[in-house]
Amino acid sequence: MRCILFLIFALQTLTVCGQVAPSTASAKKPETEFQMKEGSYLGFAQVNLSLGEIGFKVEVTKTTKDKGSRLEFRIDEPKGKIIGTLDIPYTGDTTYALKMVGNLRHAQGVHDLFLVARGASAFSITSFSFIWNY
């Protein structure tokens, strides 16, 4: 009798309750791209900049050949102290990865971090990540 009860419980189907996300197989994959022009910015709250040598990797696309576009890294507010800058080169239709690595000026402790666009021509940021140099 115990063997029969064991087999009944062992072969019984388990049901899981919860929500099922709709299928996205037919939908296009969304692409994350931030259009940046003079004065626009991206903000990241409460970033710990005291973890040793920290840097940033930014993937950008710029379709105009004029010079002078740059990305400023500022702390605490969009008009706060500049802790680093990156010049944005012409990339055409492709994405180019820029890296800024090293000890950042005025960057000890936890701060809000802002990436502020400067220059006459617009560009796009397709990816942003932190780099730690150990």
# chains A, B, ... in the order shown; residues from 1 in each chain; ligands from 1

$ residues_around --residues "A:Ser69" --least-positions-apart "6" --cutoff "7 Å" --atoms "only C-alpha atoms" --output "ChimeraX atom specification"
/A:87-88,118-121

$ residues_around --residues "A:Met36" --least-positions-apart "4" --cutoff "9 Å" --atoms "only C-alpha atoms" --output "ChimeraX atom specification"
/A:40-42,116-118,121-125

$ atom_distance --atom1 "atom CA of A:Phe130" --atom2 "atom CA of A:Val58"
8.8 Å

$ residues_around --residues "A:Gln46" --least-positions-apart "4" --cutoff "12 Å" --atoms "only C-alpha atoms" --output "list in words"
Ser50, Ile75, Asp76, Glu77, Gly109, Val110, His111, Asp112, Leu113 and Phe114 of chain A

$ write_last_selection --atoms "C-alpha atoms" --output "short mmCIF file (atom, residue, chain, number, x, y, z; two decimals), in the first residue's frame"
data_model
loop_
_atom_site.label_atom_id
_atom_site.label_comp_id
_atom_site.auth_asym_id
_atom_site.auth_seq_id
_atom_site.Cartn_x
_atom_site.Cartn_y
_atom_site.Cartn_z
CA SER A 50 36.15 54.96 -4.02
CA ILE A 75 29.53 64.49 -10.13
CA ASP A 76 26.61 65.53 -7.91
CA GLU A 77 24.71 67.50 -10.61
CA GLY A 109 33.13 58.57 -2.08
CA VAL A 110 29.58 58.07 -3.25
CA HIS A 111 28.26 60.60 -5.78
CA ASP A 112 25.59 60.99 -8.40
CA LEU A 113 27.34 60.66 -11.77
CA PHE A 114 26.28 62.58 -14.89
#

$ closest_atom_pairs --of "stretch 46-100 of chain A" --to "stretch 31-35 of chain A" --cutoff "12 Å" --atoms "only C-alpha atoms" --output "CSV"
residue,atom,partner,partner_atom,distance
A:Val58,CA,A:Phe34,CA,11.5
A:Glu59,CA,A:Glu33,CA,9.9
A:Val60,CA,A:Glu33,CA,9.1
A:Thr61,CA,A:Glu33,CA,9.4
A:Lys62,CA,A:Gln35,CA,10.0
A:Thr63,CA,A:Gln35,CA,11.9
A:Thr95,CA,A:Glu33,CA,11.0

$ atom_distance --atom1 "atom CA of A:Trp132" --atom2 "atom CA of A:Phe56"
8.4 Å

$ atom_distance --atom1 "atom CA of A:Gly43" --atom2 "atom CA of A:Met100"
17.3 Å
